[in-house]
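Below is one structure, written out as structure tokens, with a few remarks after it.
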Amino acid sequence: MTDVLTLGEAMGCLRGEGRVQLGGTMALGVAGAESNVAIGLSRLGHSSSWVGVVGPDQIGELVVRTLRAEGVDVSSIRRGDEPTGIVVFENRVAGVARVDYHRRGSAGSTVSGDDVAVAFAQGSPRIVHLTGVTLALSETAADAVRTAARLARECGAVVSLDVNHRSRLWSADTARTALSSVIDLVDVVIASEDELGLVAPSGTIAEQAGQLLAAGARAVVVKQGSDGATSYTADGVVRSPARRVRAVDVIGAGDAFVAGYLSGLLDGLPEPDRLQRANTVGAFAVASRGDWEGLPTREELALLDVTPGEVVR
Ligand code: ATP
């Protein structure tokens, strides 16, 4: 039994220093919201399993090898016929990243409900983590998300959903319709303030959170960037400030935050401590380059409490 099962698309990712259209050297890595979460959880000592499809190419090999090296269970990865997707990050001006996707018709977008069913046949996870990104990829991928939510409910797993709206992939209206097909099955809703409107009718953030709790969610967790996060549960509202770090690369902060929150949930921490762990892991992502490369192990969580300039021996 794995602690957390998640599904989605992982891609090759290219990052350079300068403008892409001028050419030059780029570094190749792996990116994907759900695989970032799986890696984050594994580093924190939890078992995680990632369900997805890679192509018959070297980028696909890179994805599988990277996840395996990070301790993520890769036994539910399927090798498809289409190419593995690629995402290109450009640092257009300092602190402002531009993203180009090459993922239409990719192997990752062919993930299906059958892939999810095969993964569940290996055992019931404690948590199933879903994102709006996977819902947006294709009809089969949306079915994979719905199947995962349904099977999670059947086996008593907690369902978490990061709304994770990608306006490059679909419109807000299409997203709203697709998200409505799973939101009633979600226990933990995670979203940025501007994404809550995609899953809750209207009103202030607190009112939207209240609507989601009334509809069956157990926690609504709102990511607020450098302001930290706020969570709403039946027990009340918990606010937790962000950790103070120098922001180097904010991409992947949300996924890191999710890994921290789910880690706290798995450890049975009270809500304030879950949020604090989420903010801590999010801060590690922000303070280092790459989506997941800088994520902490459990022992490293305490590093943010060390006075800058001190040497940790
Ligand atoms: P992304 O989509 O880029 O992954 P997001 O919009 O989903 O990000 P954010 O709200 O930007 O998520 O950030 C997630 C969490 O990361 C925050 O709640 C906070 O804990 C942490 N974080 C983000 N920015 C900073 C920062 N500048 N300093 C410290 N922590 C930060």
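So you can find residues: chains in the structure tokens are A, B, ... in the order shown, residues in each start at 1, and ligands are numbered from 1 in order.
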
Residues within 9 Å of ligand 1 (only C-alpha atoms and all ligand atoms), as a ChimeraX atom specification? /A:33,162-166,190-193,222-230,240-258,275-287,291

Apply DSSP to the backbone of this structure and, from stretch 42-77 of chain A, keep only the residues in strand (DSSP E or B); write these as a list in words. Ser48, Ser49, Trp50, Val51, Gly52, Val53, Val54, Asp73 and Ile77 of chain A

Take the residues just selected and output them with C-alpha atoms as a CSV table (one decimal), in the first residue's frame.
```csv
chain,number,residue,atom,x,y,z
A,48,SER,CA,4.4,7.8,-3.3
A,49,SER,CA,3.3,6.3,-6.6
A,50,TRP,CA,2.9,8.2,-9.9
A,51,VAL,CA,0.6,7.0,-12.6
A,52,GLY,CA,1.2,8.3,-16.1
A,53,VAL,CA,2.3,7.5,-19.6
A,54,VAL,CA,5.7,8.3,-21.2
A,73,ASP,CA,7.0,4.0,-7.3
A,77,ILE,CA,3.9,4.0,-15.6
```

Write out as a short mmCIF file (atom, residue, chain, number, x, y, z; two decimals) with N, CA and C atoms, in the first residue's frame each polymer residue whose atoms come within 7 Å of A:Gly71, counting only C-alpha atoms; drop sequence neighbours fewer than 3 positions from it.
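This is the output file selection.cif:
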```cif
data_model
loop_
_atom_site.label_atom_id
_atom_site.label_comp_id
_atom_site.auth_asym_id
_atom_site.auth_seq_id
_atom_site.Cartn_x
_atom_site.Cartn_y
_atom_site.Cartn_z
N SER A 42 8.15 11.76 -1.32
CA SER A 42 9.17 10.72 -1.16
C SER A 42 10.35 11.26 -0.37
N LEU A 67 12.18 9.71 -11.58
CA LEU A 67 11.22 9.37 -10.52
C LEU A 67 11.72 8.17 -9.71
N ARG A 68 12.27 7.18 -10.41
CA ARG A 68 12.79 6.00 -9.69
C ARG A 68 13.92 6.42 -8.75
#
```

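Our summary of the geometry notes that atom CA of A:Gln208 is positioned 21.5 Å from atom CA of A:Leu135.
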
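Across A:Leu41, A:Leu7, A:Val306, A:Val158, the tightest approach to A:Asp115 is made by A:Leu7 when counting only C-alpha atoms.
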
Tell me which protein, DNA and RNA residues are within 9 Å of A:Arg92, counting only C-alpha atoms, leaving out same-chain ones fewer than 6 positions away, and put them as a PyMOL selection string. chain A and resi 17-20+98

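Excluding A:Gly60 and any residue on its chain fewer than 5 positions from it, the residues at most 10 Å away by only C-alpha atoms are Ala10, Met11, Gly12, Val30, Val53, Val54, Gly55, Arg65, Thr66, Arg79, Gly80, Pro83, Thr84, Gly85, Ala107 and Gly108 of chain A.
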